[in-house]
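Student: Structure file work26.cif (mmCIF, C-alpha atoms and all ligand atoms) right here:
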data_protein
loop_
_atom_site.label_atom_id
_atom_site.label_comp_id
_atom_site.auth_asym_id
_atom_site.auth_seq_id
_atom_site.Cartn_x
_atom_site.Cartn_y
_atom_site.Cartn_z
CA MET A 823 13.51 -8.45 -2.53
CA SER A 824 12.52 -11.10 -0.07
CA LEU A 825 15.13 -12.49 2.30
CA ASP A 826 13.67 -15.99 1.79
CA GLY A 827 16.40 -18.60 1.53
CA ARG A 828 19.06 -16.16 2.71
CA GLU A 829 21.57 -17.55 5.18
CA LEU A 830 22.83 -14.79 7.47
CA ILE A 831 25.18 -14.52 10.42
CA LEU A 832 24.36 -11.86 13.00
CA GLY A 833 27.29 -10.99 15.24
CA VAL A 834 26.41 -9.07 18.39
CA THR A 835 29.07 -7.32 20.45
CA GLY A 836 29.09 -5.68 23.87
CA SER A 837 27.36 -2.36 23.54
CA ILE A 838 24.27 -1.23 25.42
CA ALA A 839 22.61 -1.26 21.97
CA ALA A 840 22.88 -5.10 22.03
CA TYR A 841 19.19 -5.26 22.95
CA LYS A 842 18.39 -3.60 19.62
CA ALA A 843 19.98 -6.58 17.86
CA VAL A 844 16.99 -8.55 19.15
CA TYR A 845 14.63 -6.35 17.12
CA LEU A 846 16.93 -6.60 14.12
CA LEU A 847 16.93 -10.40 14.37
CA ARG A 848 13.15 -10.45 14.57
CA GLU A 849 12.86 -8.31 11.44
CA LEU A 850 15.39 -10.42 9.49
CA THR A 851 13.52 -13.64 10.26
CA ARG A 852 10.17 -11.96 9.53
CA LEU A 853 11.52 -11.11 6.06
CA GLY A 854 12.34 -14.78 5.54
CA ALA A 855 16.06 -15.03 6.40
CA SER A 856 17.66 -17.91 8.31
CA VAL A 857 19.92 -16.34 10.91
CA THR A 858 22.70 -17.78 13.07
CA VAL A 859 23.57 -15.48 15.95
CA CYS A 860 27.09 -15.21 17.30
CA LEU A 861 27.50 -13.37 20.60
CA SER A 862 30.76 -11.93 21.82
CA GLU A 863 31.62 -12.54 25.45
CA HIS A 864 30.70 -8.99 26.39
CA ALA A 865 27.44 -9.06 24.44
CA ARG A 866 26.28 -11.89 26.73
CA GLU A 867 26.51 -9.48 29.65
CA PHE A 868 23.90 -7.27 28.00
CA VAL A 869 21.45 -9.81 26.49
CA GLY A 870 21.36 -13.56 27.22
CA PRO A 871 21.71 -16.18 24.47
CA LEU A 872 18.26 -17.64 25.19
CA THR A 873 16.51 -14.61 23.67
CA PHE A 874 18.50 -14.93 20.44
CA ARG A 875 18.13 -18.70 20.38
CA THR A 876 14.36 -18.48 20.73
CA LEU A 877 13.95 -15.87 18.02
CA SER A 878 16.37 -17.43 15.54
CA GLY A 879 15.30 -21.02 16.23
CA ARG A 880 18.99 -21.98 16.17
CA ALA A 881 21.78 -22.56 18.64
CA VAL A 882 23.68 -19.39 19.44
CA LEU A 883 27.40 -19.53 18.73
CA SER A 884 29.27 -19.04 21.94
CA ASN A 885 32.38 -17.22 22.91
CA LEU A 886 33.92 -20.50 24.09
CA PHE A 887 36.26 -20.76 21.20
CA ASP A 888 37.92 -24.07 20.68
CA PRO A 889 39.44 -24.21 17.21
CA GLN A 890 39.83 -28.01 17.48
CA SER A 891 36.16 -28.76 18.17
CA ALA A 892 33.86 -30.21 15.51
CA ASP A 893 31.52 -27.30 16.20
CA ALA A 894 34.18 -24.79 15.33
CA VAL A 895 34.87 -26.44 12.00
CA GLU A 896 31.17 -26.64 11.23
CA HIS A 897 30.59 -23.02 12.09
CA VAL A 898 33.49 -21.84 10.03
CA ALA A 899 31.90 -23.79 7.17
CA LEU A 900 28.67 -21.93 7.95
CA ALA A 901 30.53 -18.63 7.62
CA GLU A 902 31.72 -19.73 4.22
CA ARG A 903 28.15 -20.51 3.14
CA ALA A 904 26.54 -17.35 4.55
CA HIS A 905 25.15 -14.79 2.11
CA ALA A 906 26.07 -11.94 4.47
CA VAL A 907 27.53 -11.29 7.89
CA ILE A 908 26.10 -8.45 9.95
CA VAL A 909 27.78 -7.18 13.09
CA ALA A 910 25.22 -5.13 15.01
CA PRO A 911 25.99 -3.43 17.26
CA ALA A 912 29.67 -3.25 16.41
CA THR A 913 31.84 -1.84 19.20
CA ALA A 914 35.05 0.12 18.69
CA ASN A 915 36.80 -3.05 19.86
CA VAL A 916 35.39 -5.35 17.16
CA LEU A 917 36.02 -2.71 14.47
CA ALA A 918 39.66 -2.59 15.61
CA LYS A 919 40.02 -6.38 15.64
CA ALA A 920 38.39 -6.77 12.23
CA ALA A 921 40.55 -4.00 10.78
CA HIS A 922 43.68 -5.79 11.99
CA GLY A 923 42.66 -9.35 11.25
CA ILE A 924 42.68 -10.39 14.90
CA ALA A 925 40.75 -13.63 15.46
CA ASP A 926 40.65 -14.27 19.19
CA ASP A 927 37.05 -15.35 19.57
CA PHE A 928 34.29 -16.97 17.55
CA LEU A 929 32.92 -13.83 15.92
CA THR A 930 36.24 -12.40 14.82
CA THR A 931 37.21 -15.85 13.49
CA LEU A 932 33.99 -15.97 11.50
CA LEU A 933 34.78 -12.54 10.10
CA LEU A 934 38.02 -13.89 8.72
CA ALA A 935 36.41 -17.08 7.41
CA ALA A 936 33.42 -15.38 5.77
CA ARG A 937 33.44 -15.08 1.99
CA ALA A 938 30.24 -13.08 2.00
CA PRO A 939 29.76 -9.31 2.20
CA VAL A 940 30.08 -7.87 5.71
CA LEU A 941 27.90 -5.13 7.17
CA MET A 942 29.06 -3.39 10.35
CA VAL A 943 26.62 -1.31 12.39
CA PRO A 944 28.67 0.68 14.90
CA ALA A 945 27.13 1.90 18.15
CA MET A 946 29.27 3.57 20.80
CA ASP A 947 29.76 6.77 22.70
CA GLY A 948 30.12 9.86 20.50
CA GLY A 949 33.64 10.59 21.75
CA MET A 950 34.78 7.08 20.84
CA TRP A 951 33.29 7.24 17.35
CA GLU A 952 35.22 10.49 16.74
CA HIS A 953 38.50 9.01 18.01
CA ALA A 954 41.28 8.94 15.43
CA ALA A 955 41.89 5.22 16.02
CA VAL A 956 38.25 4.35 15.28
CA THR A 957 38.22 6.64 12.23
CA ALA A 958 41.32 4.90 10.88
CA ASN A 959 39.90 1.41 11.52
CA VAL A 960 36.62 2.28 9.81
CA ALA A 961 38.54 3.67 6.82
CA THR A 962 40.61 0.44 6.61
CA LEU A 963 37.48 -1.72 6.70
CA ARG A 964 35.70 0.38 4.07
CA ARG A 965 38.72 0.27 1.80
CA ARG A 966 38.58 -3.50 2.05
CA GLY A 967 34.95 -3.54 0.92
CA VAL A 968 33.24 -3.85 4.31
CA THR A 969 30.08 -1.75 4.57
CA VAL A 970 30.25 0.31 7.77
CA LEU A 971 27.06 2.25 8.47
CA GLU A 972 27.24 5.71 9.96
CA PRO A 973 25.80 5.83 13.48
CA GLU A 974 22.96 8.24 14.14
CA THR A 975 23.22 11.46 16.10
CA GLY A 976 21.13 11.83 19.25
CA ALA A 977 20.92 10.94 22.93
CA LEU A 978 23.51 8.34 23.97
CA ALA A 979 23.47 5.86 26.85
CA SER A 980 26.15 7.92 28.59
CA GLY A 981 23.59 10.70 29.01
CA LEU A 982 25.45 12.82 26.53
CA SER A 983 24.31 13.63 23.03
CA GLY A 984 26.39 12.90 19.95
CA LYS A 985 27.01 10.62 17.01
CA GLY A 986 27.05 7.00 18.06
CA ARG A 987 23.46 5.74 18.16
CA PHE A 988 22.39 2.46 16.59
CA PRO A 989 20.53 3.30 13.34
CA ASP A 990 16.91 2.43 12.53
CA ILE A 991 16.23 -1.24 11.88
CA ASP A 992 14.78 -0.33 8.46
CA GLU A 993 18.00 1.41 7.50
CA ILE A 994 20.06 -1.65 8.44
CA VAL A 995 17.76 -3.98 6.49
CA GLU A 996 17.95 -1.69 3.45
CA ALA A 997 21.76 -1.64 3.61
CA LEU A 998 21.68 -5.44 3.79
CA ARG A 999 19.41 -5.66 0.76
CA ARG A 1000 21.81 -3.46 -1.19
CA LEU A 1001 24.61 -5.83 -0.29
CA LEU A 1002 22.64 -8.89 -1.29
CA VAL A 1003 21.32 -7.61 -4.60
CA PRO A 1004 23.93 -5.93 -6.65
CA ALA A 1005 21.60 -6.55 -9.64
CA ARG A 1006 20.43 -3.24 -11.02
CA ASP A 1007 17.62 -4.45 -13.21
CA LEU A 1008 15.86 -1.06 -13.10
CA ALA A 1009 18.88 0.95 -14.25
CA GLY A 1010 17.78 3.51 -16.84
CA GLU A 1011 14.16 3.49 -15.57
CA ARG A 1012 12.60 6.65 -14.19
CA LEU A 1013 9.89 5.91 -11.65
CA LEU A 1014 7.27 8.38 -10.54
CA VAL A 1015 5.77 7.09 -7.28
CA THR A 1016 2.96 8.61 -5.24
CA ALA A 1017 2.48 7.64 -1.62
CA GLY A 1018 0.56 8.39 1.56
CA PRO A 1019 -2.79 10.06 2.06
CA THR A 1020 -3.83 13.53 0.97
CA ARG A 1021 -5.28 16.11 3.33
CA GLU A 1022 -8.20 18.23 2.21
CA PRO A 1023 -8.67 21.30 4.42
CA ILE A 1024 -12.01 22.12 6.04
CA ASP A 1025 -10.62 25.16 7.85
CA PRO A 1026 -7.10 26.18 8.99
CA VAL A 1027 -6.98 23.44 11.67
CA ARG A 1028 -9.14 20.60 10.32
CA TYR A 1029 -8.96 18.36 7.31
CA ILE A 1030 -10.40 15.26 5.63
CA SER A 1031 -7.92 12.42 5.19
CA ASN A 1032 -7.56 8.65 5.44
CA ARG A 1033 -5.54 5.96 7.20
CA SER A 1034 -2.83 5.46 4.57
CA SER A 1035 0.62 5.24 6.24
CA GLY A 1036 2.62 5.59 3.00
CA LYS A 1037 4.61 2.39 3.72
CA MET A 1038 3.73 0.68 0.45
CA GLY A 1039 4.69 3.67 -1.71
CA TYR A 1040 7.88 4.38 0.26
CA GLY A 1041 8.74 0.67 0.03
CA LEU A 1042 8.33 0.82 -3.75
CA ALA A 1043 10.49 3.94 -4.01
CA THR A 1044 13.20 2.38 -1.83
CA ALA A 1045 13.22 -0.90 -3.76
CA ALA A 1046 13.32 0.89 -7.12
CA LEU A 1047 16.29 3.03 -6.01
CA ARG A 1048 18.16 -0.05 -4.84
CA ARG A 1049 17.52 -1.69 -8.21
CA GLY A 1050 19.06 1.26 -10.02
CA ALA A 1051 16.07 3.43 -11.02
CA GLU A 1052 15.81 7.19 -10.72
CA VAL A 1053 12.87 7.86 -8.43
CA THR A 1054 10.61 10.85 -7.89
CA LEU A 1055 8.45 10.36 -4.80
CA VAL A 1056 5.38 12.59 -4.53
CA SER A 1057 4.08 12.09 -1.04
CA GLY A 1058 1.22 13.26 1.12
CA PRO A 1059 1.92 13.74 4.83
CA THR A 1060 3.37 10.60 6.49
CA ALA A 1061 5.57 9.79 9.47
CA LEU A 1062 8.19 8.20 7.20
CA THR A 1063 11.65 9.42 6.19
CA PRO A 1064 12.00 9.76 2.41
CA PRO A 1065 14.55 7.29 1.00
CA ALA A 1066 17.97 8.78 0.31
CA GLY A 1067 18.50 9.38 -3.40
CA ALA A 1068 14.87 10.03 -4.35
CA VAL A 1069 13.67 13.39 -5.65
CA PHE A 1070 11.16 14.09 -2.89
CA VAL A 1071 8.09 16.24 -3.54
CA PRO A 1072 5.96 16.71 -0.42
CA VAL A 1073 2.32 17.67 -1.00
CA GLN A 1074 -0.81 18.09 1.11
CA THR A 1075 -3.92 18.09 -1.05
CA ALA A 1076 -5.07 15.97 -4.00
CA GLU A 1077 -4.83 19.04 -6.23
CA GLU A 1078 -1.20 19.61 -5.17
CA MET A 1079 -0.50 15.93 -5.82
CA ARG A 1080 -2.11 16.19 -9.26
CA GLU A 1081 0.03 19.21 -10.17
CA ALA A 1082 3.22 17.55 -8.94
CA VAL A 1083 2.45 14.32 -10.81
CA LEU A 1084 1.63 16.08 -14.07
CA HIS A 1085 4.76 18.21 -13.69
CA HIS A 1086 7.04 15.13 -13.38
CA LEU A 1087 5.13 12.86 -15.74
CA ASP A 1088 6.99 13.59 -18.97
CA ARG A 1089 10.22 11.97 -17.80
CA ALA A 1090 8.66 8.87 -16.24
CA THR A 1091 8.95 5.41 -17.77
CA ILE A 1092 6.94 3.79 -14.96
CA VAL A 1093 4.25 5.49 -12.86
CA VAL A 1094 3.16 3.86 -9.61
CA LYS A 1095 0.20 5.48 -7.88
CA ALA A 1096 0.26 3.99 -4.41
CA ALA A 1097 -1.20 7.15 -2.81
CA ALA A 1098 -4.61 7.00 -1.18
CA VAL A 1099 -5.95 10.17 -2.73
CA ALA A 1100 -8.94 11.65 -0.88
CA ASP A 1101 -11.93 11.24 -3.18
CA TYR A 1102 -13.57 14.43 -1.91
CA ARG A 1103 -12.63 17.88 -0.70
CA ALA A 1104 -14.72 20.59 0.97
CA ARG A 1105 -16.24 22.75 -1.74
CA HIS A 1106 -15.59 25.85 0.36
CA ALA A 1107 -12.75 25.50 2.87
CA SER A 1108 -13.14 28.20 5.55
CA SER A 1109 -10.24 30.62 5.87
CA THR A 1110 -10.99 31.06 9.58
CA LYS A 1111 -11.50 28.39 12.21
CA ILE A 1112 -15.07 27.12 12.23
CA LYS A 1113 -16.60 27.50 15.72
CA GLY A 1114 -18.17 24.40 17.28
CA LYS A 1115 -21.43 23.75 19.13
CA ARG A 1116 -23.78 23.97 16.21
CA ASP A 1117 -24.82 21.72 13.38
CA LEU A 1118 -22.56 22.00 10.41
CA THR A 1119 -23.16 20.83 6.88
CA LEU A 1120 -20.08 20.32 4.84
CA GLU A 1121 -20.51 20.32 1.11
CA LEU A 1122 -18.07 17.98 -0.59
CA THR A 1123 -16.99 17.95 -4.18
CA PRO A 1124 -15.04 15.15 -5.91
CA ASN A 1125 -11.32 15.50 -6.58
CA ALA A 1126 -9.97 14.89 -10.07
CA ASP A 1127 -8.93 11.27 -10.70
CA ILE A 1128 -5.17 11.68 -11.11
CA LEU A 1129 -4.58 8.08 -12.13
CA ALA A 1130 -7.12 8.16 -14.95
CA GLU A 1131 -5.66 11.46 -16.16
CA VAL A 1132 -2.13 10.03 -16.11
CA ALA A 1133 -3.21 6.94 -18.06
CA ALA A 1134 -4.99 9.10 -20.63
CA ARG A 1135 -2.06 11.47 -21.09
CA ARG A 1136 0.84 9.11 -21.00
CA PRO A 1137 0.31 5.92 -22.97
CA ASN A 1138 4.08 5.28 -23.21
CA ALA A 1139 4.81 4.98 -19.51
CA PHE A 1140 3.78 1.79 -17.76
CA VAL A 1141 1.03 2.86 -15.36
CA VAL A 1142 0.35 1.02 -12.09
CA GLY A 1143 -2.62 1.81 -9.86
CA PHE A 1144 -3.70 0.55 -6.47
CA ALA A 1145 -7.16 -0.36 -5.29
CA ALA A 1146 -8.39 -0.79 -1.77
CA GLU A 1147 -11.44 -3.03 -1.90
CA THR A 1148 -13.61 -4.57 0.79
CA ASP A 1149 -15.68 -7.05 -1.22
CA ASP A 1150 -15.62 -8.96 -4.48
CA VAL A 1151 -12.00 -7.86 -4.85
CA ALA A 1152 -11.15 -9.45 -8.21
CA ALA A 1153 -14.27 -8.26 -10.05
CA ASN A 1154 -14.17 -4.72 -8.62
CA ALA A 1155 -10.47 -4.45 -9.36
CA ARG A 1156 -10.90 -5.64 -12.95
CA ALA A 1157 -13.63 -3.02 -13.49
CA LYS A 1158 -11.40 -0.32 -11.95
CA LEU A 1159 -8.43 -1.27 -14.14
CA GLU A 1160 -10.57 -0.98 -17.26
CA ARG A 1161 -12.30 2.21 -16.12
CA LYS A 1162 -9.00 3.95 -15.47
CA GLY A 1163 -7.24 2.53 -18.56
CA ILE A 1164 -4.08 1.47 -16.71
CA ASP A 1165 -1.61 -1.39 -17.28
CA LEU A 1166 -1.49 -3.02 -13.85
CA LEU A 1167 -3.71 -2.81 -10.80
CA VAL A 1168 -2.53 -3.88 -7.36
CA ALA A 1169 -5.64 -4.79 -5.40
CA ASN A 1170 -5.78 -5.39 -1.70
CA ASP A 1171 -8.64 -6.46 0.47
CA VAL A 1172 -8.73 -3.85 3.24
CA SER A 1173 -11.44 -5.72 5.13
CA GLN A 1174 -8.85 -8.32 6.22
CA GLN A 1175 -7.02 -7.92 9.52
CA GLY A 1176 -3.27 -7.36 9.52
CA ILE A 1177 -2.82 -6.31 5.90
CA GLY A 1178 -3.26 -3.14 3.88
CA PHE A 1179 -3.73 0.24 5.58
CA GLU A 1180 -1.28 0.96 8.41
CA ALA A 1181 -0.16 -2.70 8.49
CA GLU A 1182 3.38 -4.05 8.05
CA ASP A 1183 2.23 -6.81 5.71
CA ASN A 1184 0.22 -6.88 2.54
CA GLU A 1185 -1.47 -9.57 0.49
CA VAL A 1186 -2.33 -8.39 -2.98
CA LEU A 1187 -3.74 -9.48 -6.27
CA LEU A 1188 -2.01 -8.24 -9.44
CA LEU A 1189 -4.34 -7.74 -12.41
CA ASP A 1190 -2.99 -6.66 -15.77
CA ARG A 1191 -4.62 -5.17 -18.84
CA TRP A 1192 -3.90 -8.32 -20.86
CA GLY A 1193 -6.24 -10.34 -18.62
CA GLY A 1194 -3.62 -11.84 -16.31
CA VAL A 1195 -4.29 -12.27 -12.58
CA ARG A 1196 -1.55 -13.14 -10.12
CA PRO A 1197 -2.19 -13.50 -6.39
CA LEU A 1198 0.86 -12.81 -4.22
CA PRO A 1199 1.10 -14.50 -0.83
CA ARG A 1200 0.98 -12.41 2.33
CA MET A 1201 4.38 -10.77 2.75
CA PRO A 1202 6.04 -7.80 4.45
CA LYS A 1203 5.49 -4.65 2.39
CA PRO A 1204 9.16 -4.35 1.27
CA ASN A 1205 8.91 -7.84 -0.25
CA VAL A 1206 5.59 -6.97 -1.91
CA ALA A 1207 7.29 -3.89 -3.39
CA ASP A 1208 10.02 -6.00 -4.99
CA ALA A 1209 7.50 -8.51 -6.34
CA ILE A 1210 5.41 -5.73 -7.93
CA LEU A 1211 8.47 -4.17 -9.60
CA SER A 1212 9.61 -7.56 -10.96
CA HIS A 1213 6.11 -8.16 -12.32
CA VAL A 1214 6.10 -4.76 -14.06
CA LEU A 1215 9.38 -5.62 -15.77
CA SER A 1216 8.18 -9.01 -16.98
CA LEU A 1217 4.81 -7.65 -18.18
CA ARG A 1218 6.54 -4.92 -20.11
CA THR A 1219 8.90 -7.37 -21.76
CA ALA A 1220 5.97 -9.63 -22.66
CA ALA A 1221 4.01 -6.66 -24.06
CA ALA A 1222 6.96 -5.61 -26.23
CA THR A 1223 7.19 -9.14 -27.63
CA ARG A 1224 3.47 -9.14 -28.37
CA LYS A 1225 3.78 -5.86 -30.29
CA THR A 1226 6.69 -7.13 -32.36
CA PRO A 1227 5.33 -8.12 -35.81
CA ALA A 1228 5.84 -11.81 -36.58
N1 LIG B 1 -6.51 7.77 -7.40
C1 LIG B 1 -6.13 8.94 -8.02
N2 LIG B 1 -6.88 10.07 -7.89
C2 LIG B 1 -8.02 10.06 -7.17
C3 LIG B 1 -8.43 8.87 -6.55
C4 LIG B 1 -7.67 7.74 -6.68
O1 LIG B 1 -5.10 8.95 -8.68
N3 LIG B 1 -8.71 11.18 -7.06
C5 LIG B 1 -5.72 6.58 -7.60
C6 LIG B 1 -5.06 6.01 -6.37
O2 LIG B 1 -3.74 6.52 -6.20
C7 LIG B 1 -5.05 4.52 -6.64
C8 LIG B 1 -6.26 4.30 -7.52
O3 LIG B 1 -6.59 5.59 -8.04
O4 LIG B 1 -3.91 4.14 -7.40
C9 LIG B 1 -7.46 3.69 -6.89
O5 LIG B 1 -8.02 4.47 -5.93
P1 LIG B 1 -9.49 4.15 -5.31
O6 LIG B 1 -9.80 5.26 -4.38
O7 LIG B 1 -9.52 2.77 -4.78
O8 LIG B 1 -10.37 4.16 -6.60
P2 LIG B 1 -11.60 5.00 -6.99
O9 LIG B 1 -11.48 5.21 -8.47
O10 LIG B 1 -11.71 6.20 -6.15
O11 LIG B 1 -12.78 4.00 -6.76
P3 LIG B 1 -13.72 3.75 -5.49
O12 LIG B 1 -13.32 4.73 -4.40
O13 LIG B 1 -15.05 3.93 -6.03
O14 LIG B 1 -13.43 2.31 -5.10
#
Take the structure in the file and write it out as structure tokens.
Tutor:
Amino acid sequence: MSLDGRELILGVTGSIAAYKAVYLLRELTRLGASVTVCLSEHAREFVGPLTFRTLSGRAVLSNLFDPQSADAVEHVALAERAHAVIVAPATANVLAKAAHGIADDFLTTLLLAARAPVLMVPAMDGGMWEHAAVTANVATLRRRGVTVLEPETGALASGLSGKGRFPDIDEIVEALRRLLVPARDLAGERLLVTAGPTREPIDPVRYISNRSSGKMGYGLATAALRRGAEVTLVSGPTALTPPAGAVFVPVQTAEEMREAVLHHLDRATIVVKAAAVADYRARHASSTKIKGKRDLTLELTPNADILAEVAARRPNAFVVGFAAETDDVAANARAKLERKGIDLLVANDVSQQGIGFEAEDNEVLLLDRWGGVRPLPRMPKPNVADAILSHVLSLRTAAATRKTPA
């Protein structure tokens, strides 16, 4: 789901993690949201308003609260129009004020005026987070429907270690998406998603692999979970954290991926093969480390084409493949779709800078077995994931209508 057209308020309060709100703001605007930032008086001590103003392209709401001013009225109206209010970082102080309905500055007034869902992202010292008063305030807010994220455990600014760290930006954005899209249009679907590269061993320390980061596949799994699907994620080695709620099946080689996919295939209603499966493996992987300093010829043998096998075995599931092309993208992709016998092919041009492998963004062409071609504009991968899933749903509905006898 894109954040295009979303009107958000980002409240920032006085924690050392205030600088991380800058990264959060950048990500929200990158995903298409319009964001108004509201700084508490103490937040201004940590990060100046100019940074937020520059990145949001809007005036920053100040702590100088004058309920009679035209600005105040206008900004309260803005709170009423907002699709969501995020407070990140949220100090113990703002949690307490929000829990008790105190409105003694701009941000806490906005929290009372807002009609939209509220997401609080606490960051504080571990001892404070554990304090009974904070626990009670968080419980009050949650009971009232406010989403309060759990802080992460790790090193804290105090030098101590504990629970209180500001969570990953991706986790905050995902929580926001869940708030914004209660629609569960994939409820009842069972997705089987593959992601990442595979590693084909040469000897115990070396392998053949590729530059796939897994972001596209993980993005698809995350989006499908949010939209209500059951998700099995079969993944080669990546640096990513599997999304909570997915059945996670880690694999290394193409053969392991093939076995895992075939094992989970029967239950799937939609199969999405975003993995960059290594086309070849060493015919004879050495069981001991190969010594250097001499010529070495490696004999390679092709791996089985998992996607083609899935399409052949499972005509009832909707099968989506990916293609990384460098030239004549549309024609090569069409040929690949037909060769593999799949329903939808997501083609990306990996020769272009800034998209595809390892990149944050992607720009893809969707080709379907009924002859349709839809180019998607360049977007962050999470938005591409949502667009692909929506396209699968509409193609499937259209296909069912076509099959219905007149
Ligand atoms: N794929 C697969 N098993 C393989 C190779 C690829 O399941 N052994 C899947 C990928 O997950 C992807 C799609 O096939 O969804 C396209 O992969 P790609 O490597 O681009 O296609 P190939 O058929 O290998 O064609 P070529 O390398 O010649 O472009």
Student: Report as a ChimeraX atom specification all protein, DNA and RNA residues lying within 10 Å of A:Pro1204, evaluated on all atoms listed in the file, omitting residues in the same chain fewer than 3 positions from it.
Tutor: /A:823-824,853,992,996,1037-1045,1182-1184,1201,1207-1209
Student: List as a PyMOL selection string the protein and nucleic acid residues lying within 8 Å of ligand LIG 1 (chain B), with only C-alpha atoms and all ligand atoms counted.
Tutor: chain A and resi 1016-1017+1076+1080+1094-1102+1124-1131+1142-1147+1154+1158+1162+1167
Student: Between A:Gly870, A:Pro1059, A:Pro939, A:Gly833, which has the minimum distance to A:Ala997 (counting only C-alpha atoms)?
Tutor: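 Among the listed residues, A:Pro939 lies closest to A:Ala997.
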Student: Could you give me, as a tab-separated table (two decimals) with C-alpha atoms, keeping the file's coordinate frame, the residues within 8 Å of A:Asp1171, counting only C-alpha atoms and dropping anything in the same chain fewer than 5 positions from it?
Tutor:
chain	number	residue	atom	x	y	z
A	1146	ALA	CA	-8.39	-0.79	-1.77
A	1147	GLU	CA	-11.44	-3.03	-1.90
A	1148	THR	CA	-13.61	-4.57	0.79
A	1149	ASP	CA	-15.68	-7.05	-1.22
A	1151	VAL	CA	-12.00	-7.86	-4.85
A	1177	ILE	CA	-2.82	-6.31	5.90
A	1178	GLY	CA	-3.26	-3.14	3.88
A	1185	GLU	CA	-1.47	-9.57	0.49
A	1186	VAL	CA	-2.33	-8.39	-2.98
Student: What's the 7 Å shell around A:Ala1068, counting all atoms listed in the file, without same-chain residues fewer than 6 positions away, as a VMD selection string?
Tutor: chain A and resid 1053 to 1055
